[in-house]
2 protein chains.
Amino acid sequence: MKLYDLELSGNCYKVRLFCALAGIPVTLHPVDFMGGEHKTAPFLAMNPLGELPILQDGDVLLRDSQAILVYLATQYGGEAWCPKDPAHLAEVIAWLSTAANNIQHGPADARLIELFGYPLDKASTVAQSDFILPVFEAQLSRHDWLVLNRPTIADIANFPYIALAHQGGISLAAYPAIRQWMTRIQALPNFIGMPAID
Amino acid sequence: MKLYDLELSGNCYKVRLFCALAGIPVTLHPVDFMGGEHKTAPFLAMNPLGELPILQDGDVLLRDSQAILVYLATQYGGEAWCPKDPAHLAEVIAWLSTAANNIQHGPADARLIELFGYPLDKASTVAQSDFILPVFEAQLSRHDWLVLNRPTIADIANFPYIALAHQGGISLAAYPAIRQWMTRIQALPNFIGMPAID
């Protein structure tokens with residue numbers, strides 16, 4: 001199984017992290033992002049959005065970090081990381097939507113601006129962060145994990161860009177429950193970090 | 001089963017549409033959106049994001065239109081609308097992420113600006129639309145439906161705000177395959193429209 005990967009991408013990291021936690025062997029294929037390799041024809045043929053990560057597992061070729069987590073968890077992880085019953089599965093999916101929408105356009109985009117100079121609207125990333133982080137804080141004040149009473153891919157999908165929020169100038173000082181949740185994730189067996197996440 | 005609903009919301013419409021297509025009985029509970037009912041305490045207790053739709057099915061309470069589609073399809077629709085095998089399920093999820101991310105922040109946000117005066121950045125909604133609509137066009141030039149060879153919740157999740165794009169000033173003139181796909185969706189048995197979608 002091959003992951004087309006960028007070390008500094010939180011979306012790639014969430015796949016690397018999940019593979020480590022779930023004990024799924026994966027070969028990393030580093031992509032020359034600065035050189036624009038992800039926008040070349042062979043890569044656009046794999047993912048027309050021109051984004052990373054991309055997962056290749058035999059005949060299966062997948063884009064989108066949330067989708068890749070669902071695939072890996074349901075194909076290799078049993079029910080441990082992604083429940084199969086419709087109601088709990090849907091709860092997980094709701095948090096994956098939050099990762100793809102609010103966390104992406106909040107802390108993740110803020111980091112793209114500060115770290116990589118993306119021409120995005122900083123005020124809108126701050127507003128999105130101010131909107132969604134209190135929702136996480138409230139949820140994690142009442143529960144150790146986002147869904148059920150155990151770590152699932154809902155946590156793994158949202159963790160990276162929340163843990164990297166400081167790189168976009170988004171402070172977590174007002175969110176003690178989020179910080180405790182991050183500590184719980186970092187204490188999971190076989191946890192791995194990435195640059196700026198120990 | 002009760003749907004907390006707003007007639008003009010494309011996210012609520014995608015749930016109403018799916019229930020109609022799949023023959024799932026649902027009672028609509030119209031919410032006084034202009035009066036801010038969705039931001040009152042009872043509603044925030046159901047969905048801390050203060051957004052619609054919200055689905056209540058006995059003890060099951062769900063936010064997020066994508067998550068609700070997954071719930072309804074897996075609980076009541078068998079495999080017809082949402083495949084269970086991990087690779088195809090993940091393909092569906094990738095398009096749900098696209099709905100929650102690119103379509104939301106492209107055509108859907110453009111409509112929020114033009115129709116409801118939301119203080120969002122119009123240029124960014126146009127850029128997001130110009131980025132993602134060609135991806136749909138390419139996919140739908142080669143396939144009748146987004147995933148597999150049949151309509152799934154991937155199509156239903158993305159259809160509303162693409163069909164409403166004109167209300168945000170986003171033209172589909174350059175996208176004939178998208179327009180043909182919309183015609184196919186509108187021809188599905190038991191299809192229902194909403195204001196501005198016949």
# chains A, B, ... in the order shown; residues from 1 in each chain; ligands from 1
$ residues_around --residues "Ile24 (chain A)" --least-positions-apart "4" --cutoff "8 Å" --atoms "only C-alpha atoms" --output "list of chain:residue names"
A:Cys19, A:Ala20, A:Tyr76
$ write_last_selection --atoms "all heavy atoms" --output "PDB file, in the first residue's frame"
ATOM      1  N   CYS A  19      -2.426   5.062  10.230  1.00  0.00           N
ATOM      2  CA  CYS A  19      -1.740   3.807   9.900  1.00  0.00           C
ATOM      3  C   CYS A  19      -0.868   3.350  11.071  1.00  0.00           C
ATOM      4  O   CYS A  19      -0.813   2.152  11.402  1.00  0.00           O
ATOM      5  CB  CYS A  19      -0.894   3.980   8.638  1.00  0.00           C
ATOM      6  SG  CYS A  19      -1.888   4.043   7.124  1.00  0.00           S
ATOM      7  N   ALA A  20      -0.178   4.305  11.709  1.00  0.00           N
ATOM      8  CA  ALA A  20       0.667   3.950  12.856  1.00  0.00           C
ATOM      9  C   ALA A  20      -0.183   3.411  14.002  1.00  0.00           C
ATOM     10  O   ALA A  20       0.110   2.357  14.582  1.00  0.00           O
ATOM     11  CB  ALA A  20       1.466   5.169  13.307  1.00  0.00           C
ATOM     12  N   TYR A  76      -9.372  -2.414   7.128  1.00  0.00           N
ATOM     13  CA  TYR A  76      -8.316  -3.058   7.923  1.00  0.00           C
ATOM     14  C   TYR A  76      -8.511  -2.932   9.425  1.00  0.00           C
ATOM     15  O   TYR A  76      -7.829  -3.602  10.190  1.00  0.00           O
ATOM     16  CB  TYR A  76      -6.951  -2.461   7.554  1.00  0.00           C
ATOM     17  CG  TYR A  76      -6.559  -2.710   6.119  1.00  0.00           C
ATOM     18  CD1 TYR A  76      -6.533  -1.682   5.188  1.00  0.00           C
ATOM     19  CD2 TYR A  76      -6.238  -4.002   5.692  1.00  0.00           C
ATOM     20  CE1 TYR A  76      -6.183  -1.910   3.868  1.00  0.00           C
ATOM     21  CE2 TYR A  76      -5.893  -4.246   4.364  1.00  0.00           C
ATOM     22  CZ  TYR A  76      -5.867  -3.194   3.459  1.00  0.00           C
ATOM     23  OH  TYR A  76      -5.535  -3.435   2.156  1.00  0.00           O
TER      24      TYR A  76
END
$ residues_around --residues "Leu89 (chain A)" --least-positions-apart "5" --cutoff "8 Å" --atoms "only C-alpha atoms" --output "list in words"
Cys82, Pro83 and Lys84 of chain A; Val70 and Tyr71 of chain B
$ select_by_dssp --residues "region 55-191 of chain B" --states "alpha helix (DSSP H)" --output "PyMOL selection string"
chain B and resi 65-76+86-98+109-116+122-142+153-163+176-186
$ interface_residues --of "chain A" --to "chain B" --cutoff "6 Å" --atoms "only C-alpha atoms" --output "mmCIF file with N, CA and C atoms, in the first residue's frame"
data_model
loop_
_atom_site.group_PDB
_atom_site.id
_atom_site.type_symbol
_atom_site.label_atom_id
_atom_site.label_comp_id
_atom_site.auth_asym_id
_atom_site.auth_seq_id
_atom_site.Cartn_x
_atom_site.Cartn_y
_atom_site.Cartn_z
ATOM 1 N N ASP A 64 -8.636 12.351 -0.951
ATOM 2 C CA ASP A 64 -9.344 12.932 0.195
ATOM 3 C C ASP A 64 -8.990 12.199 1.489
ATOM 4 N N ALA A 67 -11.845 10.391 3.300
ATOM 5 C CA ALA A 67 -12.249 9.164 2.605
ATOM 6 C C ALA A 67 -11.218 8.059 2.829
ATOM 7 N N VAL A 70 -11.722 6.520 6.186
ATOM 8 C CA VAL A 70 -12.876 5.607 6.174
ATOM 9 C C VAL A 70 -12.475 4.278 5.527
ATOM 10 N N TYR A 71 -11.750 4.354 4.417
ATOM 11 C CA TYR A 71 -11.321 3.129 3.732
ATOM 12 C C TYR A 71 -10.429 2.271 4.632
ATOM 13 N N THR A 74 -12.362 0.828 7.693
ATOM 14 C CA THR A 74 -13.360 -0.221 7.425
ATOM 15 C C THR A 74 -12.719 -1.446 6.763
ATOM 16 N N GLN A 75 -11.670 -1.231 5.990
ATOM 17 C CA GLN A 75 -11.018 -2.356 5.315
ATOM 18 C C GLN A 75 -10.088 -3.124 6.262
ATOM 19 N N PRO A 86 -25.482 2.379 11.574
ATOM 20 C CA PRO A 86 -25.745 3.628 10.853
ATOM 21 C C PRO A 86 -25.686 4.882 11.714
ATOM 22 N N ALA A 87 -26.227 4.849 12.916
ATOM 23 C CA ALA A 87 -26.283 6.073 13.722
ATOM 24 C C ALA A 87 -24.883 6.514 14.152
ATOM 25 N N ALA A 90 -22.824 7.650 11.174
ATOM 26 C CA ALA A 90 -23.208 9.004 10.760
ATOM 27 C C ALA A 90 -22.628 10.055 11.705
ATOM 28 N N ILE A 93 -19.236 10.544 10.525
ATOM 29 C CA ILE A 93 -19.231 11.295 9.258
ATOM 30 C C ILE A 93 -19.469 12.786 9.524
ATOM 31 N N ALA A 94 -20.334 13.120 10.482
ATOM 32 C CA ALA A 94 -20.577 14.533 10.797
ATOM 33 C C ALA A 94 -19.263 15.212 11.200
ATOM 34 N N SER A 97 -17.110 15.727 8.157
ATOM 35 C CA SER A 97 -17.538 16.933 7.440
ATOM 36 C C SER A 97 -16.964 18.176 8.114
ATOM 37 N N ALA A 100 -13.437 18.497 7.050
ATOM 38 C CA ALA A 100 -13.298 18.913 5.640
ATOM 39 C C ALA A 100 -13.750 20.347 5.432
ATOM 40 N N ASN A 101 -14.669 20.810 6.261
ATOM 41 C CA ASN A 101 -15.244 22.140 6.096
ATOM 42 C C ASN A 101 -14.611 23.117 7.082
#
$ atom_distance --atom1 "CA of Ala123 (chain B)" --atom2 "CA of Ala174 (chain B)"
18.7 Å
$ closest_residue --among "B:Ile54, B:Leu28, B:Leu44, B:Leu17" --to "Asn190 (chain B)" --atoms "only C-alpha atoms"
B:Leu17
$ select_by_dssp --residues "chain B" --states "strand (DSSP E)" --output "PDB file with all heavy atoms, in the first residue's frame"
ATOM      1  N   LYS B   2     -38.293  12.995  12.129  1.00  0.00           N
ATOM      2  CA  LYS B   2     -38.542  14.423  11.994  1.00  0.00           C
ATOM      3  C   LYS B   2     -37.301  15.133  11.442  1.00  0.00           C
ATOM      4  O   LYS B   2     -36.176  14.909  11.904  1.00  0.00           O
ATOM      5  CB  LYS B   2     -38.889  14.993  13.375  1.00  0.00           C
ATOM      6  CG  LYS B   2     -39.269  16.477  13.360  1.00  0.00           C
ATOM      7  CD  LYS B   2     -39.352  17.052  14.772  1.00  0.00           C
ATOM      8  CE  LYS B   2     -40.553  16.523  15.540  1.00  0.00           C
ATOM      9  NZ  LYS B   2     -40.715  17.228  16.854  1.00  0.00           N
ATOM     10  N   LEU B   3     -37.544  15.978  10.436  1.00  0.00           N
ATOM     11  CA  LEU B   3     -36.459  16.790   9.881  1.00  0.00           C
ATOM     12  C   LEU B   3     -36.708  18.246  10.245  1.00  0.00           C
ATOM     13  O   LEU B   3     -37.723  18.831   9.833  1.00  0.00           O
ATOM     14  CB  LEU B   3     -36.403  16.628   8.359  1.00  0.00           C
ATOM     15  CG  LEU B   3     -35.292  17.408   7.651  1.00  0.00           C
ATOM     16  CD1 LEU B   3     -33.921  16.832   7.985  1.00  0.00           C
ATOM     17  CD2 LEU B   3     -35.503  17.423   6.134  1.00  0.00           C
ATOM     18  N   TYR B   4     -35.805  18.824  11.007  1.00  0.00           N
ATOM     19  CA  TYR B   4     -35.840  20.269  11.263  1.00  0.00           C
ATOM     20  C   TYR B   4     -35.317  20.936  10.006  1.00  0.00           C
ATOM     21  O   TYR B   4     -34.148  20.744   9.625  1.00  0.00           O
ATOM     22  CB  TYR B   4     -35.009  20.616  12.492  1.00  0.00           C
ATOM     23  CG  TYR B   4     -35.621  20.061  13.756  1.00  0.00           C
ATOM     24  CD1 TYR B   4     -35.248  18.815  14.243  1.00  0.00           C
ATOM     25  CD2 TYR B   4     -36.597  20.770  14.439  1.00  0.00           C
ATOM     26  CE1 TYR B   4     -35.823  18.290  15.390  1.00  0.00           C
ATOM     27  CE2 TYR B   4     -37.192  20.249  15.596  1.00  0.00           C
ATOM     28  CZ  TYR B   4     -36.792  19.014  16.063  1.00  0.00           C
ATOM     29  OH  TYR B   4     -37.370  18.497  17.194  1.00  0.00           O
ATOM     30  N   ASP B   5     -36.177  21.710   9.377  1.00  0.00           N
ATOM     31  CA  ASP B   5     -36.039  22.005   7.954  1.00  0.00           C
ATOM     32  C   ASP B   5     -36.156  23.493   7.656  1.00  0.00           C
ATOM     33  O   ASP B   5     -36.853  24.227   8.358  1.00  0.00           O
ATOM     34  CB  ASP B   5     -37.161  21.248   7.223  1.00  0.00           C
ATOM     35  CG  ASP B   5     -37.102  21.403   5.720  1.00  0.00           C
ATOM     36  OD1 ASP B   5     -36.039  21.132   5.146  1.00  0.00           O
ATOM     37  OD2 ASP B   5     -38.137  21.790   5.127  1.00  0.00           O
ATOM     38  N   THR B  27     -41.278  13.597   8.533  1.00  0.00           N
ATOM     39  CA  THR B  27     -42.128  14.734   8.866  1.00  0.00           C
ATOM     40  C   THR B  27     -41.262  15.985   8.913  1.00  0.00           C
ATOM     41  O   THR B  27     -40.254  16.018   9.621  1.00  0.00           O
ATOM     42  CB  THR B  27     -42.792  14.517  10.243  1.00  0.00           C
ATOM     43  OG1 THR B  27     -43.510  13.289  10.210  1.00  0.00           O
ATOM     44  CG2 THR B  27     -43.741  15.668  10.561  1.00  0.00           C
ATOM     45  N   LEU B  28     -41.663  17.002   8.162  1.00  0.00           N
ATOM     46  CA  LEU B  28     -40.892  18.240   8.147  1.00  0.00           C
ATOM     47  C   LEU B  28     -41.312  19.138   9.307  1.00  0.00           C
ATOM     48  O   LEU B  28     -42.501  19.337   9.544  1.00  0.00           O
ATOM     49  CB  LEU B  28     -41.089  18.978   6.822  1.00  0.00           C
ATOM     50  CG  LEU B  28     -40.703  18.213   5.563  1.00  0.00           C
ATOM     51  CD1 LEU B  28     -40.856  19.114   4.339  1.00  0.00           C
ATOM     52  CD2 LEU B  28     -39.273  17.671   5.653  1.00  0.00           C
ATOM     53  N   HIS B  29     -40.316  19.662  10.001  1.00  0.00           N
ATOM     54  CA  HIS B  29     -40.563  20.639  11.060  1.00  0.00           C
ATOM     55  C   HIS B  29     -39.914  21.949  10.618  1.00  0.00           C
ATOM     56  O   HIS B  29     -38.701  22.126  10.793  1.00  0.00           O
ATOM     57  CB  HIS B  29     -39.968  20.140  12.377  1.00  0.00           C
ATOM     58  CG  HIS B  29     -40.161  21.102  13.517  1.00  0.00           C
ATOM     59  ND1 HIS B  29     -41.104  20.925  14.493  1.00  0.00           N
ATOM     60  CD2 HIS B  29     -39.521  22.259  13.819  1.00  0.00           C
ATOM     61  CE1 HIS B  29     -41.055  21.928  15.349  1.00  0.00           C
ATOM     62  NE2 HIS B  29     -40.093  22.749  14.969  1.00  0.00           N
ATOM     63  N   PRO B  30     -40.689  22.874  10.010  1.00  0.00           N
ATOM     64  CA  PRO B  30     -40.081  24.109   9.514  1.00  0.00           C
ATOM     65  C   PRO B  30     -39.535  24.946  10.667  1.00  0.00           C
ATOM     66  O   PRO B  30     -40.199  25.112  11.691  1.00  0.00           O
ATOM     67  CB  PRO B  30     -41.241  24.829   8.819  1.00  0.00           C
ATOM     68  CG  PRO B  30     -42.303  23.791   8.624  1.00  0.00           C
ATOM     69  CD  PRO B  30     -42.134  22.819   9.747  1.00  0.00           C
ATOM     70  N   ILE B  54     -31.364  19.236  10.925  1.00  0.00           N
ATOM     71  CA  ILE B  54     -31.158  18.300  12.035  1.00  0.00           C
ATOM     72  C   ILE B  54     -32.182  17.188  11.840  1.00  0.00           C
ATOM     73  O   ILE B  54     -33.343  17.461  11.535  1.00  0.00           O
ATOM     74  CB  ILE B  54     -31.402  18.979  13.401  1.00  0.00           C
ATOM     75  CG1 ILE B  54     -30.459  20.169  13.600  1.00  0.00           C
ATOM     76  CG2 ILE B  54     -31.250  17.969  14.537  1.00  0.00           C
ATOM     77  CD1 ILE B  54     -30.836  21.063  14.792  1.00  0.00           C
ATOM     78  N   LEU B  55     -31.746  15.953  12.013  1.00  0.00           N
ATOM     79  CA  LEU B  55     -32.665  14.805  11.875  1.00  0.00           C
ATOM     80  C   LEU B  55     -32.852  14.135  13.221  1.00  0.00           C
ATOM     81  O   LEU B  55     -31.874  13.890  13.941  1.00  0.00           O
ATOM     82  CB  LEU B  55     -32.108  13.782  10.881  1.00  0.00           C
ATOM     83  CG  LEU B  55     -33.056  12.607  10.579  1.00  0.00           C
ATOM     84  CD1 LEU B  55     -34.135  13.027   9.572  1.00  0.00           C
ATOM     85  CD2 LEU B  55     -32.288  11.388  10.057  1.00  0.00           C
ATOM     86  N   GLN B  56     -34.099  13.855  13.544  1.00  0.00           N
ATOM     87  CA  GLN B  56     -34.404  13.100  14.758  1.00  0.00           C
ATOM     88  C   GLN B  56     -35.165  11.844  14.358  1.00  0.00           C
ATOM     89  O   GLN B  56     -36.215  11.930  13.722  1.00  0.00           O
ATOM     90  CB  GLN B  56     -35.256  13.955  15.701  1.00  0.00           C
ATOM     91  CG  GLN B  56     -35.444  13.344  17.075  1.00  0.00           C
ATOM     92  CD  GLN B  56     -35.899  14.377  18.096  1.00  0.00           C
ATOM     93  OE1 GLN B  56     -36.649  15.286  17.771  1.00  0.00           O
ATOM     94  NE2 GLN B  56     -35.445  14.235  19.335  1.00  0.00           N
ATOM     95  N   ASP B  57     -34.612  10.706  14.724  1.00  0.00           N
ATOM     96  CA  ASP B  57     -35.243   9.420  14.400  1.00  0.00           C
ATOM     97  C   ASP B  57     -35.231   8.576  15.672  1.00  0.00           C
ATOM     98  O   ASP B  57     -34.260   7.872  15.949  1.00  0.00           O
ATOM     99  CB  ASP B  57     -34.462   8.727  13.277  1.00  0.00           C
ATOM    100  CG  ASP B  57     -35.158   7.436  12.820  1.00  0.00           C
ATOM    101  OD1 ASP B  57     -36.353   7.273  13.118  1.00  0.00           O
ATOM    102  OD2 ASP B  57     -34.486   6.613  12.161  1.00  0.00           O
ATOM    103  N   VAL B  60     -32.085   8.694  17.872  1.00  0.00           N
ATOM    104  CA  VAL B  60     -30.971   9.158  17.034  1.00  0.00           C
ATOM    105  C   VAL B  60     -31.175  10.620  16.679  1.00  0.00           C
ATOM    106  O   VAL B  60     -32.223  11.004  16.162  1.00  0.00           O
ATOM    107  CB  VAL B  60     -30.864   8.312  15.744  1.00  0.00           C
ATOM    108  CG1 VAL B  60     -29.810   8.883  14.808  1.00  0.00           C
ATOM    109  CG2 VAL B  60     -30.574   6.868  16.102  1.00  0.00           C
ATOM    110  N   LEU B  61     -30.168  11.436  16.971  1.00  0.00           N
ATOM    111  CA  LEU B  61     -30.221  12.868  16.690  1.00  0.00           C
ATOM    112  C   LEU B  61     -28.960  13.200  15.898  1.00  0.00           C
ATOM    113  O   LEU B  61     -27.843  12.968  16.378  1.00  0.00           O
ATOM    114  CB  LEU B  61     -30.259  13.651  18.002  1.00  0.00           C
ATOM    115  CG  LEU B  61     -30.504  15.154  17.909  1.00  0.00           C
ATOM    116  CD1 LEU B  61     -31.928  15.437  17.413  1.00  0.00           C
ATOM    117  CD2 LEU B  61     -30.298  15.797  19.272  1.00  0.00           C
ATOM    118  N   LEU B  62     -29.127  13.731  14.683  1.00  0.00           N
ATOM    119  CA  LEU B  62     -27.964  13.936  13.819  1.00  0.00           C
ATOM    120  C   LEU B  62     -27.948  15.335  13.213  1.00  0.00           C
ATOM    121  O   LEU B  62     -28.973  15.855  12.779  1.00  0.00           O
ATOM    122  CB  LEU B  62     -27.965  12.915  12.679  1.00  0.00           C
ATOM    123  CG  LEU B  62     -27.621  11.473  13.049  1.00  0.00           C
ATOM    124  CD1 LEU B  62     -27.903  10.559  11.873  1.00  0.00           C
ATOM    125  CD2 LEU B  62     -26.167  11.355  13.494  1.00  0.00           C
ATOM    126  N   ARG B  63     -26.756  15.913  13.163  1.00  0.00           N
ATOM    127  CA  ARG B  63     -26.493  17.150  12.443  1.00  0.00           C
ATOM    128  C   ARG B  63     -25.732  16.800  11.169  1.00  0.00           C
ATOM    129  O   ARG B  63     -25.281  15.685  10.998  1.00  0.00           O
ATOM    130  CB  ARG B  63     -25.638  18.091  13.284  1.00  0.00           C
ATOM    131  CG  ARG B  63     -24.200  17.589  13.491  1.00  0.00           C
ATOM    132  CD  ARG B  63     -23.312  18.665  14.110  1.00  0.00           C
ATOM    133  NE  ARG B  63     -21.990  18.141  14.430  1.00  0.00           N
ATOM    134  CZ  ARG B  63     -20.931  18.215  13.621  1.00  0.00           C
ATOM    135  NH1 ARG B  63     -21.049  18.753  12.423  1.00  0.00           N
ATOM    136  NH2 ARG B  63     -19.766  17.715  13.976  1.00  0.00           N
TER     137      ARG B  63
END
$ residues_around --residues "Thr183 (chain A)" --least-positions-apart "3" --cutoff "12 Å" --atoms "only C-alpha atoms" --output "list of chain:residue names"
A:Asp144, A:Trp145, A:Phe159, A:Ala163, A:Pro176, A:Ala177, A:Ile178, A:Arg179, A:Gln180, A:Gln186, A:Ala187, A:Leu188, A:Phe191, A:Ile197, A:Asp198
$ decode --residues "region 67-118 of chain B" --atoms "C-alpha atoms" --output "CSV table (one decimal), in the first residue's frame"
chain,number,residue,atom,x,y,z
B,67,ALA,CA,-23.9,12.6,7.8
B,68,ILE,CA,-27.7,12.5,7.6
B,69,LEU,CA,-27.6,11.1,4.1
B,70,VAL,CA,-25.2,8.4,5.2
B,71,TYR,CA,-27.5,7.5,8.1
B,72,LEU,CA,-30.6,7.3,6.0
B,73,ALA,CA,-29.0,5.4,3.2
B,74,THR,CA,-27.3,2.8,5.5
B,75,GLN,CA,-30.3,2.5,7.9
B,76,TYR,CA,-33.1,2.4,5.4
B,77,GLY,CA,-31.7,2.2,1.9
B,78,GLY,CA,-29.7,-1.0,1.9
B,79,GLU,CA,-26.8,-0.8,-0.5
B,80,ALA,CA,-28.7,0.9,-3.3
B,81,TRP,CA,-27.7,4.4,-2.4
B,82,CYS,CA,-24.5,3.9,-0.3
B,83,PRO,CA,-22.2,0.9,-1.0
B,84,LYS,CA,-20.9,-1.0,2.0
B,85,ASP,CA,-17.6,-2.3,0.6
B,86,PRO,CA,-14.7,-0.1,1.9
B,87,ALA,CA,-13.3,1.1,-1.4
B,88,HIS,CA,-16.7,2.2,-2.9
B,89,LEU,CA,-17.8,3.6,0.4
B,90,ALA,CA,-14.7,5.7,0.6
B,91,GLU,CA,-15.3,6.9,-3.0
B,92,VAL,CA,-18.7,8.1,-1.8
B,93,ILE,CA,-17.1,9.8,1.2
B,94,ALA,CA,-14.6,11.6,-1.0
B,95,TRP,CA,-17.5,13.2,-2.8
B,96,LEU,CA,-19.2,14.0,0.5
B,97,SER,CA,-16.1,15.8,1.5
B,98,THR,CA,-16.2,17.7,-1.7
B,99,ALA,CA,-19.8,18.7,-1.0
B,100,ALA,CA,-18.9,19.8,2.6
B,101,ASN,CA,-15.8,21.7,1.5
B,102,ASN,CA,-15.6,22.9,-2.1
B,103,ILE,CA,-19.3,23.0,-3.1
B,104,GLN,CA,-20.2,24.6,0.2
B,105,HIS,CA,-17.5,27.3,-0.1
B,106,GLY,CA,-18.0,27.7,-3.8
B,107,PRO,CA,-21.5,27.8,-5.3
B,108,ALA,CA,-23.3,27.5,-1.9
B,109,ASP,CA,-21.5,30.5,-0.3
B,110,ALA,CA,-21.8,32.5,-3.5
B,111,ARG,CA,-25.6,32.0,-3.2
B,112,LEU,CA,-25.5,33.0,0.5
B,113,ILE,CA,-23.9,36.3,-0.5
B,114,GLU,CA,-26.2,37.1,-3.4
B,115,LEU,CA,-29.5,35.8,-2.0
B,116,PHE,CA,-29.1,36.5,1.7
B,117,GLY,CA,-26.4,39.1,2.0
B,118,TYR,CA,-23.9,37.0,3.9
